[in-house]
Amino acid sequence: MNMNYISDKAHLGNDIKIGRFSIVEDNVVIGDNCLIGNNVVIHEGSIIGDNVRIDDNTVIGKLPMRSVNSIFKDEDKLAPCKISNECLIGAGVIVYAGCGIGEKTLIADLAVVRENVTIGQRTIIGKGATIENFCKVGSNCKIQTNVYVTAYSEIEDYVFIAPCVVTSNDNYAARSKERFKHFKGVTVKKGGRIGAGSVILPGKVINEDGFAAAGSVVTKDVESAKIVAGNPAKCFRDVPEEQLLKNQ
Amino acid sequence: MNMNYISDKAHLGNDIKIGRFSIVEDNVVIGDNCLIGNNVVIHEGSIIGDNVRIDDNTVIGKLPMRSVNSIFKDEDKLAPCKISNECLIGAGVIVYAGCGIGEKTLIADLAVVRENVTIGQRTIIGKGATIENFCKVGSNCKIQTNVYVTAYSEIEDYVFIAPCVVTSNDNYAARSKERFKHFKGVTVKKGGRIGAGSVILPGKVINEDGFAAAGSVVTKDVESAKIVAGNPAKCFRDVPEEQLLKNQ
Amino acid sequence: MNMNYISDKAHLGNDIKIGRFSIVEDNVVIGDNCLIGNNVVIHEGSIIGDNVRIDDNTVIGKLPMRSVNSIFKDEDKLAPCKISNECLIGAGVIVYAGCGIGEKTLIADLAVVRENVTIGQRTIIGKGATIENFCKVGSNCKIQTNVYVTAYSEIEDYVFIAPCVVTSNDNYAARSKERFKHFKGVTVKKGGRIGAGSVILPGKVINEDGFAAAGSVVTKDVESAKIVAGNPAKCFRDVPEEQLLKNQ
């Protein structure tokens, strides 16, 4: 007795193991040699590559919430959620429809990746991290535990964001009509780094190899290969040569 | 084959869709036109209004944890969890027994709302936010991603709390018997705002239209319509006219 | 009809209640008088004591994620997850294989406890807290909501860590080969305390009864029975006599 639900309109590869009380909806595609846990929900039309592991209680292809009456319109607009080959998806993760996740990327337990997000290859999205809608995350990044990446942010390749970093995108803090013209997430250029527990203000840019030290409150752009620290963060020295991306 | 469990003592309205492996316990009431996801647990006696959407893996009406032997006593004391008409409840959410949620309120993925909490209408509780026990949250508020609202806090109407704000309620940090007389959460008056990643000390008050900028550590009350910033936060200017609540 | 899966190779005590759509895998041992919720997954070989409560959607004994091909090797190396008598485990919790949890400890909703962790007795791990791999947490501690305890940390007995505290373990922020020799979590000695939203830098020590006030960024060790505050945190007075551990 299988004790799970697999739509007969789903397309399953070879050597797939699916746990108990899991659900694979219509038109889902799952590649070869995948390992799907228990209580997993894979929503309609999601596409899973080969050699993917998805752990217990994870939801793939969730539809955004608008009013009860409007959700079916949204469903039509979003591309299917696509998880590429050799990804590892933890337990209790929620990945929305309209997401593309590159090969060999790891999304740890309880992370949430919203609609209209792309994530590159070999990137790590830490436990409990949140990637809001309309973000772009590059390849070979480490976005660690509980990091909050606000909507409309752009994270380039080889970026390191330490645990519990907070980003923001609205200088008007939800007031005035003016704000709708100015929503802007953060930009972290190639090789940029942000230390644990830092807060980055709306629209700020961490340039190539720039580094905001742990506990910074970043109110101005961080120059390339400079270290800032403090509240508000001030530049206090160069990134050591041996920590530059080109020297790794 | 339905593959879910619906108690024959539950009272279900018309046009309800309930997902697979979901559980509706005894004496639950669900209104018309609701959409309940997969792996959802709706505990005994919970009351759900009309046009409510509840996503996968969510738990409604959880009982607080005391010792294994005492939980049935607690159960008797708490009112049923009540979710009003047109609420949207995300995936992986946990709403306790003894909670009342007003109409059209949205509770995003992985948020936790504890027992003895009331939340008004058209409020947004962000992804991963925590509303501790004995809190009161008003209407038309935005409590964003990962915000932590400590026990015994009071959030009035039209309050904005940006992502990852931290509040506290114990100046004695869990020591001395004196502390039991002084537990006090934070108060955010009508139209008050708190920026991303700020930390608010026990018992502090953000007055009407007051604003603690991103990254503040608020050690004193914030005056009405003033902006504070820094660690410790200091007043540095008035809230701009166009951002006052009356001008929205 | 039971609507759950219990391996006939599991060993169950007396007076156990297991919810719907829950899974008890091979060689799991569960003591007497336990209360297991719905949609719970207890992985192979996990050991649960007497009088334990485990709430809905929780995963016990999760295996770490490496590549899809290597996980079975990891499985062989880790000891089974062991939850001792009278523990309370919340909803949506994830406890890894290779963990040992002492008696009467409470792990609240959505907390994650990684592999190779030991936690003492009568400790509280708050909602959404993360205890990374290779940590040791003592007895009678309070690790509150959303606290992040980085890998290789050591938390002694009677420690208090307030909500949303962030710890770190890599001064090199993921760059240079040198860093592999220097990974070091934080140490909080007996009776040490950390206030809400503080950030502790890699390798720092909070000595006996030392206290980092809310919102601190701790860049140096905290002396015994001293209070530090600010960014960077500076010592500003002694811990009051009545708050010393010996006077509780």
# chains A, B, ... in the order shown; residues from 1 in each chain; ligands from 1

call {"tool": "interface_residues", "arguments": {"of": "chain B", "to": "chain A", "cutoff": "6 Å", "atoms": "only C-alpha atoms", "output": "list of chain:residue names"}}
result
B:Gly215, B:Glu242, B:Gln243

call {"tool": "residues_around", "arguments": {"residues": "His11 (chain B)", "least_positions_apart": "2", "cutoff": "10 Å", "atoms": "only C-alpha atoms", "output": "PyMOL selection string"}}
result
chain B and resi 6-9+13+24+26-31+45+47

call {"tool": "residues_around", "arguments": {"residues": "region 181-192 of chain C", "least_positions_apart": "4", "cutoff": "7 Å", "atoms": "only C-alpha atoms", "output": "JSON list (two decimals) with all heavy atoms, in the first residue's frame"}}
result
[["chain", "number", "residue", "atom", "x", "y", "z"],
["C", 150, "THR", "N", 25.29, 29.36, 16.09],
["C", 150, "THR", "CA", 26.14, 28.88, 14.99],
["C", 150, "THR", "C", 26.88, 27.59, 15.37],
["C", 150, "THR", "O", 27.03, 27.27, 16.55],
["C", 150, "THR", "CB", 27.15, 30.01, 14.63],
["C", 150, "THR", "OG1", 27.83, 29.65, 13.44],
["C", 150, "THR", "CG2", 28.15, 30.22, 15.74],
["C", 151, "ALA", "N", 27.35, 26.90, 14.36],
["C", 151, "ALA", "CA", 28.04, 25.63, 14.56],
["C", 151, "ALA", "C", 29.26, 25.81, 15.47],
["C", 151, "ALA", "O", 29.90, 26.85, 15.47],
["C", 151, "ALA", "CB", 28.47, 25.06, 13.22],
["C", 152, "TYR", "N", 29.57, 24.78, 16.23],
["C", 152, "TYR", "CA", 30.74, 24.76, 17.12],
["C", 152, "TYR", "C", 30.61, 25.76, 18.27],
["C", 152, "TYR", "O", 31.61, 26.29, 18.75],
["C", 152, "TYR", "CB", 32.04, 25.06, 16.33],
["C", 152, "TYR", "CG", 32.27, 24.13, 15.18],
["C", 152, "TYR", "CD1", 32.02, 24.53, 13.88],
["C", 152, "TYR", "CD2", 32.74, 22.83, 15.39],
["C", 152, "TYR", "CE1", 32.23, 23.68, 12.81],
["C", 152, "TYR", "CE2", 32.95, 21.97, 14.33],
["C", 152, "TYR", "CZ", 32.70, 22.40, 13.04],
["C", 152, "TYR", "OH", 32.91, 21.55, 11.99],
["C", 153, "SER", "N", 29.37, 26.02, 18.70],
["C", 153, "SER", "CA", 29.19, 26.87, 19.88],
["C", 153, "SER", "C", 29.01, 26.02, 21.13],
["C", 153, "SER", "O", 28.61, 24.85, 21.04],
["C", 153, "SER", "CB", 27.93, 27.75, 19.71],
["C", 153, "SER", "OG", 28.15, 28.71, 18.69],
["C", 154, "GLU", "N", 29.31, 26.63, 22.26],
["C", 154, "GLU", "CA", 29.11, 25.92, 23.52],
["C", 154, "GLU", "C", 28.35, 26.81, 24.50],
["C", 154, "GLU", "O", 28.84, 27.89, 24.87],
["C", 154, "GLU", "CB", 30.45, 25.48, 24.12],
["C", 154, "GLU", "CG", 30.23, 24.68, 25.38],
["C", 154, "GLU", "CD", 31.39, 23.78, 25.75],
["C", 154, "GLU", "OE1", 32.39, 23.73, 25.00],
["C", 154, "GLU", "OE2", 31.29, 23.13, 26.82],
["C", 155, "ILE", "N", 27.18, 26.34, 24.88],
["C", 155, "ILE", "CA", 26.31, 27.08, 25.79],
["C", 155, "ILE", "C", 26.24, 26.28, 27.08],
["C", 155, "ILE", "O", 25.74, 25.15, 27.07],
["C", 155, "ILE", "CB", 24.88, 27.20, 25.18],
["C", 155, "ILE", "CG1", 24.90, 27.67, 23.72],
["C", 155, "ILE", "CG2", 23.99, 28.07, 26.06],
["C", 155, "ILE", "CD1", 25.38, 29.06, 23.50],
["C", 156, "GLU", "N", 26.76, 26.84, 28.15],
["C", 156, "GLU", "CA", 26.77, 26.11, 29.42],
["C", 156, "GLU", "C", 25.40, 26.18, 30.13],
["C", 156, "GLU", "O", 24.43, 26.67, 29.55],
["C", 156, "GLU", "CB", 27.89, 26.64, 30.32],
["C", 156, "GLU", "CG", 29.28, 26.38, 29.71],
["C", 156, "GLU", "CD", 30.43, 26.71, 30.64],
["C", 156, "GLU", "OE1", 30.17, 27.22, 31.77],
["C", 156, "GLU", "OE2", 31.58, 26.45, 30.26],
["C", 157, "ASP", "N", 25.33, 25.73, 31.37],
["C", 157, "ASP", "CA", 24.05, 25.68, 32.09],
["C", 157, "ASP", "C", 23.55, 27.08, 32.48],
["C", 157, "ASP", "O", 24.33, 28.00, 32.67],
["C", 157, "ASP", "CB", 24.19, 24.85, 33.37],
["C", 157, "ASP", "CG", 24.54, 23.40, 33.08],
["C", 157, "ASP", "OD1", 24.35, 22.93, 31.94],
["C", 157, "ASP", "OD2", 25.04, 22.73, 34.02],
["C", 158, "TYR", "N", 22.26, 27.18, 32.65],
["C", 158, "TYR", "CA", 21.61, 28.40, 33.17],
["C", 158, "TYR", "C", 21.89, 29.63, 32.32],
["C", 158, "TYR", "O", 21.97, 30.75, 32.83],
["C", 158, "TYR", "CB", 22.03, 28.66, 34.63],
["C", 158, "TYR", "CG", 21.53, 27.60, 35.58],
["C", 158, "TYR", "CD1", 22.34, 26.56, 35.99],
["C", 158, "TYR", "CD2", 20.21, 27.65, 36.05],
["C", 158, "TYR", "CE1", 21.88, 25.58, 36.85],
["C", 158, "TYR", "CE2", 19.74, 26.67, 36.92],
["C", 158, "TYR", "CZ", 20.58, 25.65, 37.31],
["C", 158, "TYR", "OH", 20.11, 24.69, 38.16],
["C", 159, "VAL", "N", 22.06, 29.41, 31.03],
["C", 159, "VAL", "CA", 22.28, 30.54, 30.12],
["C", 159, "VAL", "C", 20.93, 31.05, 29.62],
["C", 159, "VAL", "O", 20.00, 30.27, 29.38],
["C", 159, "VAL", "CB", 23.18, 30.09, 28.95],
["C", 159, "VAL", "CG1", 23.08, 31.05, 27.76],
["C", 159, "VAL", "CG2", 24.62, 29.95, 29.43],
["C", 160, "PHE", "N", 20.84, 32.35, 29.45],
["C", 160, "PHE", "CA", 19.64, 32.98, 28.90],
["C", 160, "PHE", "C", 20.01, 33.72, 27.61],
["C", 160, "PHE", "O", 20.85, 34.62, 27.63],
["C", 160, "PHE", "CB", 19.05, 33.97, 29.92],
["C", 160, "PHE", "CG", 17.91, 34.78, 29.37],
["C", 160, "PHE", "CD1", 16.64, 34.23, 29.23],
["C", 160, "PHE", "CD2", 18.10, 36.10, 28.96],
["C", 160, "PHE", "CE1", 15.59, 34.99, 28.71],
["C", 160, "PHE", "CE2", 17.06, 36.87, 28.45],
["C", 160, "PHE", "CZ", 15.80, 36.30, 28.32],
["C", 167, "THR", "N", 24.59, 34.66, 16.30],
["C", 167, "THR", "CA", 25.98, 34.33, 16.60],
["C", 167, "THR", "C", 26.69, 33.97, 15.30],
["C", 167, "THR", "O", 26.05, 33.67, 14.30],
["C", 167, "THR", "CB", 26.06, 33.14, 17.57],
["C", 167, "THR", "OG1", 25.46, 32.00, 16.92],
["C", 167, "THR", "CG2", 25.30, 33.41, 18.86],
["C", 168, "SER", "N", 28.01, 34.02, 15.30],
["C", 168, "SER", "CA", 28.75, 33.76, 14.07],
["C", 168, "SER", "C", 30.05, 33.03, 14.39],
["C", 168, "SER", "O", 30.48, 33.00, 15.54],
["C", 168, "SER", "CB", 29.02, 35.07, 13.34],
["C", 168, "SER", "OG", 29.63, 36.00, 14.21],
["C", 169, "ASN", "N", 30.63, 32.40, 13.38],
["C", 169, "ASN", "CA", 31.80, 31.55, 13.67],
["C", 169, "ASN", "C", 32.93, 31.67, 12.66],
["C", 169, "ASN", "O", 33.87, 30.88, 12.69],
["C", 169, "ASN", "CB", 31.36, 30.08, 13.81],
["C", 169, "ASN", "CG", 30.80, 29.51, 12.52],
["C", 169, "ASN", "OD1", 30.87, 30.14, 11.46],
["C", 169, "ASN", "ND2", 30.23, 28.32, 12.60],
["C", 170, "ASP", "N", 32.87, 32.65, 11.77],
["C", 170, "ASP", "CA", 33.89, 32.69, 10.71],
["C", 170, "ASP", "C", 34.35, 34.14, 10.49],
["C", 170, "ASP", "O", 33.74, 34.90, 9.75],
["C", 170, "ASP", "CB", 33.30, 32.11, 9.42],
["C", 170, "ASP", "CG", 34.27, 32.18, 8.26],
["C", 170, "ASP", "OD1", 35.46, 32.50, 8.46],
["C", 170, "ASP", "OD2", 33.83, 31.91, 7.12],
["C", 202, "PRO", "N", 32.52, 35.95, 15.93],
["C", 202, "PRO", "CA", 33.08, 34.60, 16.02],
["C", 202, "PRO", "C", 34.05, 34.43, 17.19],
["C", 202, "PRO", "O", 34.90, 35.28, 17.42],
["C", 202, "PRO", "CB", 33.83, 34.45, 14.68],
["C", 202, "PRO", "CG", 33.09, 35.34, 13.74],
["C", 202, "PRO", "CD", 32.70, 36.52, 14.59],
["C", 203, "GLY", "N", 33.91, 33.34, 17.88],
["C", 203, "GLY", "CA", 34.86, 32.95, 18.90],
["C", 203, "GLY", "C", 34.75, 33.72, 20.21],
["C", 203, "GLY", "O", 35.49, 33.44, 21.15],
["C", 204, "LYS", "N", 33.83, 34.67, 20.29],
["C", 204, "LYS", "CA", 33.74, 35.48, 21.51],
["C", 204, "LYS", "C", 33.16, 34.66, 22.67],
["C", 204, "LYS", "O", 32.40, 33.71, 22.46],
["C", 204, "LYS", "CB", 32.87, 36.73, 21.28],
["C", 204, "LYS", "CG", 33.45, 37.67, 20.23],
["C", 204, "LYS", "CD", 34.90, 38.02, 20.48],
["C", 204, "LYS", "CE", 35.59, 38.49, 19.20],
["C", 204, "LYS", "NZ", 37.06, 38.34, 19.27],
["C", 205, "VAL", "N", 33.55, 35.06, 23.87],
["C", 205, "VAL", "CA", 33.15, 34.35, 25.08],
["C", 205, "VAL", "C", 32.36, 35.31, 25.97],
["C", 205, "VAL", "O", 32.82, 36.43, 26.25],
["C", 205, "VAL", "CB", 34.39, 33.86, 25.85],
["C", 205, "VAL", "CG1", 33.99, 33.16, 27.15],
["C", 205, "VAL", "CG2", 35.24, 32.95, 24.97],
["C", 206, "ILE", "N", 31.18, 34.88, 26.38],
["C", 206, "ILE", "CA", 30.44, 35.59, 27.43],
["C", 206, "ILE", "C", 30.76, 34.84, 28.71],
["C", 206, "ILE", "O", 30.36, 33.68, 28.86],
["C", 206, "ILE", "CB", 28.92, 35.57, 27.18],
["C", 206, "ILE", "CG1", 28.54, 35.84, 25.72],
["C", 206, "ILE", "CG2", 28.19, 36.49, 28.16],
["C", 206, "ILE", "CD1", 28.70, 37.23, 25.25],
["C", 207, "ASN", "N", 31.48, 35.45, 29.62],
["C", 207, "ASN", "CA", 31.89, 34.73, 30.82],
["C", 207, "ASN", "C", 30.76, 34.62, 31.84],
["C", 207, "ASN", "O", 29.67, 35.17, 31.64],
["C", 207, "ASN", "CB", 33.13, 35.39, 31.41],
["C", 207, "ASN", "CG", 34.37, 34.98, 30.63],
["C", 207, "ASN", "OD1", 34.79, 33.81, 30.68],
["C", 207, "ASN", "ND2", 34.93, 35.91, 29.85],
["C", 208, "GLU", "N", 31.03, 33.90, 32.94],
["C", 208, "GLU", "CA", 30.00, 33.60, 33.94],
["C", 208, "GLU", "C", 29.22, 34.86, 34.32],
["C", 208, "GLU", "O", 29.82, 35.87, 34.70],
["C", 208, "GLU", "CB", 30.60, 33.01, 35.21],
["C", 208, "GLU", "CG", 30.97, 31.55, 35.13],
["C", 208, "GLU", "CD", 32.32, 31.31, 34.44],
["C", 208, "GLU", "OE1", 32.94, 32.30, 33.99],
["C", 208, "GLU", "OE2", 32.75, 30.14, 34.35],
["C", 209, "ASP", "N", 27.92, 34.78, 34.22],
["C", 209, "ASP", "CA", 27.05, 35.88, 34.63],
["C", 209, "ASP", "C", 27.24, 37.16, 33.81],
["C", 209, "ASP", "O", 26.65, 38.19, 34.12],
["C", 209, "ASP", "CB", 27.23, 36.21, 36.13],
["C", 209, "ASP", "CG", 26.21, 35.52, 37.00],
["C", 209, "ASP", "OD1", 25.05, 35.42, 36.58],
["C", 209, "ASP", "OD2", 26.57, 35.09, 38.11],
["C", 210, "GLY", "N", 28.07, 37.12, 32.79],
["C", 210, "GLY", "CA", 28.22, 38.28, 31.89],
["C", 210, "GLY", "C", 26.93, 38.52, 31.12],
["C", 210, "GLY", "O", 26.15, 37.59, 30.89],
["C", 211, "PHE", "N", 26.70, 39.77, 30.70],
["C", 211, "PHE", "CA", 25.43, 40.11, 30.07],
["C", 211, "PHE", "C", 25.66, 41.12, 28.94],
["C", 211, "PHE", "O", 26.14, 42.23, 29.17],
["C", 211, "PHE", "CB", 24.48, 40.70, 31.13],
["C", 211, "PHE", "CG", 23.12, 41.08, 30.62],
["C", 211, "PHE", "CD1", 22.57, 40.50, 29.49],
["C", 211, "PHE", "CD2", 22.37, 42.02, 31.30],
["C", 211, "PHE", "CE1", 21.30, 40.86, 29.04],
["C", 211, "PHE", "CE2", 21.10, 42.39, 30.86],
["C", 211, "PHE", "CZ", 20.56, 41.80, 29.72],
["C", 245, "LEU", "N", 23.46, 34.72, 39.14],
["C", 245, "LEU", "CA", 22.88, 33.38, 39.18],
["C", 245, "LEU", "C", 22.79, 32.84, 40.61],
["C", 245, "LEU", "O", 21.79, 32.23, 40.99],
["C", 245, "LEU", "CB", 23.72, 32.44, 38.30],
["C", 245, "LEU", "CG", 23.24, 31.01, 38.20],
["C", 245, "LEU", "CD1", 21.81, 30.92, 37.68],
["C", 245, "LEU", "CD2", 24.18, 30.19, 37.32]]

call {"tool": "select_by_dssp", "arguments": {"residues": "region 150-218 of chain B", "states": "strand (DSSP E)", "output": "list of chain:residue names"}}
result
B:Glu154, B:Ile155, B:Phe160, B:Ile161, B:Val166, B:Thr167, B:Thr187, B:Val188, B:Arg193, B:Ile194, B:Val199, B:Ile200, B:Val205, B:Ile206, B:Phe211, B:Ala212, B:Val217, B:Val218

call {"tool": "write_last_selection", "arguments": {"atoms": "all heavy atoms", "output": "compact mmCIF listing (two decimals), in the first residue's frame"}}
result
# COMPACT_ATOMS: atom_id res chain seq x y z
N GLU B 154 1.04 45.65 22.58
CA GLU B 154 -0.19 46.18 22.00
C GLU B 154 0.14 47.01 20.76
O GLU B 154 0.87 48.01 20.84
CB GLU B 154 -0.94 47.03 23.03
CG GLU B 154 -2.24 47.54 22.45
CD GLU B 154 -3.26 47.91 23.51
OE1 GLU B 154 -2.98 47.74 24.72
OE2 GLU B 154 -4.35 48.37 23.12
N ILE B 155 -0.39 46.58 19.65
CA ILE B 155 -0.15 47.22 18.36
C ILE B 155 -1.49 47.80 17.92
O ILE B 155 -2.43 47.05 17.68
CB ILE B 155 0.33 46.17 17.32
CG1 ILE B 155 1.46 45.28 17.86
CG2 ILE B 155 0.71 46.85 16.01
CD1 ILE B 155 2.75 45.98 18.12
N PHE B 160 2.93 50.05 11.03
CA PHE B 160 3.81 49.39 10.07
C PHE B 160 5.07 48.92 10.80
O PHE B 160 5.79 49.74 11.38
CB PHE B 160 4.19 50.36 8.95
CG PHE B 160 5.23 49.82 8.01
CD1 PHE B 160 4.89 48.90 7.03
CD2 PHE B 160 6.55 50.22 8.11
CE1 PHE B 160 5.85 48.38 6.17
CE2 PHE B 160 7.52 49.71 7.24
CZ PHE B 160 7.16 48.80 6.27
N ILE B 161 5.32 47.62 10.75
CA ILE B 161 6.54 47.08 11.35
C ILE B 161 7.30 46.33 10.26
O ILE B 161 6.82 45.33 9.72
CB ILE B 161 6.26 46.17 12.56
CG1 ILE B 161 5.39 46.91 13.59
CG2 ILE B 161 7.55 45.69 13.19
CD1 ILE B 161 5.10 46.13 14.87
N VAL B 166 12.64 43.29 16.24
CA VAL B 166 12.69 42.49 17.47
C VAL B 166 12.14 43.32 18.62
O VAL B 166 12.55 44.46 18.80
CB VAL B 166 14.14 42.10 17.79
CG1 VAL B 166 14.21 41.28 19.07
CG2 VAL B 166 14.77 41.36 16.62
N THR B 167 11.24 42.76 19.38
CA THR B 167 10.73 43.44 20.56
C THR B 167 11.03 42.59 21.80
O THR B 167 11.31 41.39 21.69
CB THR B 167 9.21 43.65 20.45
OG1 THR B 167 8.58 42.37 20.39
CG2 THR B 167 8.85 44.45 19.20
N THR B 187 4.44 48.95 23.05
CA THR B 187 3.18 49.54 22.59
C THR B 187 3.49 50.36 21.35
O THR B 187 4.41 51.19 21.38
CB THR B 187 2.60 50.45 23.67
OG1 THR B 187 2.38 49.68 24.85
CG2 THR B 187 1.29 51.07 23.21
N VAL B 188 2.77 50.11 20.28
CA VAL B 188 2.92 50.96 19.10
C VAL B 188 1.55 51.59 18.86
O VAL B 188 0.57 50.90 18.56
CB VAL B 188 3.40 50.18 17.86
CG1 VAL B 188 3.74 51.16 16.73
CG2 VAL B 188 4.60 49.31 18.18
N ARG B 193 5.48 53.51 13.33
CA ARG B 193 6.24 52.68 12.38
C ARG B 193 7.61 52.31 12.94
O ARG B 193 8.22 53.09 13.66
CB ARG B 193 6.42 53.44 11.06
CG ARG B 193 5.09 53.70 10.35
CD ARG B 193 5.30 54.41 9.03
NE ARG B 193 5.79 55.76 9.22
CZ ARG B 193 6.36 56.51 8.26
NH1 ARG B 193 6.51 56.01 7.04
NH2 ARG B 193 6.76 57.73 8.52
N ILE B 194 8.06 51.12 12.57
CA ILE B 194 9.37 50.64 13.01
C ILE B 194 10.10 50.10 11.79
O ILE B 194 9.57 49.28 11.05
CB ILE B 194 9.24 49.53 14.07
CG1 ILE B 194 8.36 50.00 15.24
CG2 ILE B 194 10.62 49.11 14.57
CD1 ILE B 194 8.10 48.92 16.29
N VAL B 199 15.48 47.02 17.14
CA VAL B 199 15.28 46.29 18.40
C VAL B 199 14.61 47.26 19.38
O VAL B 199 15.12 48.36 19.60
CB VAL B 199 16.63 45.83 18.99
CG1 VAL B 199 16.44 45.16 20.34
CG2 VAL B 199 17.35 44.91 18.01
N ILE B 200 13.49 46.85 19.95
CA ILE B 200 12.75 47.73 20.85
C ILE B 200 12.83 47.16 22.26
O ILE B 200 12.47 46.00 22.50
CB ILE B 200 11.27 47.85 20.43
CG1 ILE B 200 11.13 48.04 18.91
CG2 ILE B 200 10.58 48.97 21.21
CD1 ILE B 200 11.70 49.31 18.36
N VAL B 205 7.30 52.69 24.22
CA VAL B 205 6.11 53.10 23.49
C VAL B 205 6.54 53.88 22.24
O VAL B 205 7.34 54.81 22.34
CB VAL B 205 5.23 54.01 24.37
CG1 VAL B 205 3.99 54.48 23.59
CG2 VAL B 205 4.83 53.29 25.65
N ILE B 206 6.04 53.48 21.09
CA ILE B 206 6.18 54.28 19.88
C ILE B 206 4.86 55.05 19.77
O ILE B 206 3.81 54.43 19.56
CB ILE B 206 6.36 53.40 18.62
CG1 ILE B 206 7.34 52.24 18.84
CG2 ILE B 206 6.71 54.26 17.40
CD1 ILE B 206 8.77 52.61 18.93
N PHE B 211 8.36 57.08 14.45
CA PHE B 211 9.05 56.19 13.51
C PHE B 211 10.47 55.90 14.01
O PHE B 211 11.29 56.81 14.13
CB PHE B 211 9.09 56.85 12.13
CG PHE B 211 9.75 56.03 11.05
CD1 PHE B 211 9.83 54.65 11.13
CD2 PHE B 211 10.28 56.65 9.93
CE1 PHE B 211 10.43 53.90 10.12
CE2 PHE B 211 10.89 55.91 8.91
CZ PHE B 211 10.97 54.54 9.02
N ALA B 212 10.75 54.64 14.26
CA ALA B 212 12.11 54.21 14.57
C ALA B 212 12.74 53.73 13.27
O ALA B 212 12.27 52.76 12.68
CB ALA B 212 12.09 53.09 15.60
N VAL B 217 18.14 50.88 17.88
CA VAL B 217 17.94 50.18 19.15
C VAL B 217 17.22 51.18 20.06
O VAL B 217 17.81 52.16 20.52
CB VAL B 217 19.28 49.73 19.75
CG1 VAL B 217 19.06 49.08 21.12
CG2 VAL B 217 19.98 48.76 18.80
N VAL B 218 15.94 50.93 20.26
CA VAL B 218 15.06 51.92 20.91
C VAL B 218 15.04 51.68 22.42
O VAL B 218 14.48 50.70 22.89
CB VAL B 218 13.65 51.86 20.32
CG1 VAL B 218 12.70 52.80 21.06
CG2 VAL B 218 13.69 52.21 18.83

call {"tool": "closest_residue", "arguments": {"among": "B:Gly61, B:Thr123, B:Pro80, B:Thr118", "to": "Val95 (chain B)", "atoms": "only C-alpha atoms"}}
result
B:Gly61

call {"tool": "residues_around", "arguments": {"residues": "Lys17 (chain B)", "least_positions_apart": "3", "cutoff": "8 Å", "atoms": "only C-alpha atoms", "output": "list in words"}}
result
Asn33, Cys34, Leu35 and Ile36 of chain B

call {"tool": "write_last_selection", "arguments": {"atoms": "N, CA and C atoms", "output": "PDB file, in the first residue's frame"}}
result
ATOM      1  N   ASN B  33     -17.499  28.279   0.665  1.00  0.00           N
ATOM      2  CA  ASN B  33     -16.543  28.682  -0.366  1.00  0.00           C
ATOM      3  C   ASN B  33     -15.098  28.783   0.139  1.00  0.00           C
ATOM      4  N   CYS B  34     -14.724  27.876   1.027  1.00  0.00           N
ATOM      5  CA  CYS B  34     -13.349  27.866   1.541  1.00  0.00           C
ATOM      6  C   CYS B  34     -12.481  26.910   0.740  1.00  0.00           C
ATOM      7  N   LEU B  35     -11.210  27.212   0.749  1.00  0.00           N
ATOM      8  CA  LEU B  35     -10.218  26.437   0.012  1.00  0.00           C
ATOM      9  C   LEU B  35      -9.150  26.010   1.016  1.00  0.00           C
ATOM     10  N   ILE B  36      -9.152  24.741   1.371  1.00  0.00           N
ATOM     11  CA  ILE B  36      -8.221  24.225   2.382  1.00  0.00           C
ATOM     12  C   ILE B  36      -7.205  23.341   1.670  1.00  0.00           C
TER      13      ILE B  36
END

call {"tool": "select_by_dssp", "arguments": {"residues": "region 7-225 of chain B", "states": "helix (DSSP H, G or I)", "output": "list in words"}}
result
Ile71, Phe72, Lys73, Asp74, Glu75, Asp76, Lys77, Lys177, Glu178, Arg179, Phe180 and Lys181 of chain B

call {"tool": "residues_around", "arguments": {"residues": "Val52 (chain B)", "least_positions_apart": "2", "cutoff": "7 Å", "atoms": "only C-alpha atoms", "output": "count of residues only"}}
result
10

call {"tool": "residues_around", "arguments": {"residues": "Ala97 (chain A)", "least_positions_apart": "5", "cutoff": "10 Å", "atoms": "only C-alpha atoms", "output": "list in words"}}
result
His43, Glu44, Gly45, Ser46, Ile60, Gly61, Lys62, Leu63, Pro64, Asp74, Glu75, Lys77, Leu78, Ala79, Pro80, Cys81, Lys82, Val113, Arg114, Glu115, Asn116 and Val117 of chain A

call {"tool": "write_last_selection", "arguments": {"atoms": "C-alpha atoms", "output": "compact mmCIF listing (two decimals), in the first residue's frame"}}
result
# COMPACT_ATOMS: atom_id res chain seq x y z
CA HIS A 43 1.75 21.35 -7.15
CA GLU A 44 0.41 21.16 -10.66
CA GLY A 45 2.87 21.54 -13.49
CA SER A 46 6.07 21.76 -11.43
CA ILE A 60 6.83 22.96 -4.38
CA GLY A 61 4.92 25.24 -6.75
CA LYS A 62 2.74 27.08 -4.23
CA LEU A 63 0.49 29.74 -5.76
CA PRO A 64 0.69 33.26 -4.34
CA ASP A 74 -2.49 34.28 -10.98
CA GLU A 75 -2.03 30.63 -11.71
CA LYS A 77 0.30 33.94 -15.44
CA LEU A 78 3.11 32.19 -13.58
CA ALA A 79 5.52 29.79 -15.24
CA PRO A 80 5.79 26.40 -13.54
CA CYS A 81 8.28 26.03 -10.69
CA LYS A 82 11.46 24.48 -12.09
CA VAL A 113 11.47 31.23 -2.21
CA ARG A 114 8.72 33.39 -3.68
CA GLU A 115 7.32 33.67 -7.21
CA ASN A 116 9.27 35.30 -10.04
CA VAL A 117 12.66 34.48 -8.56
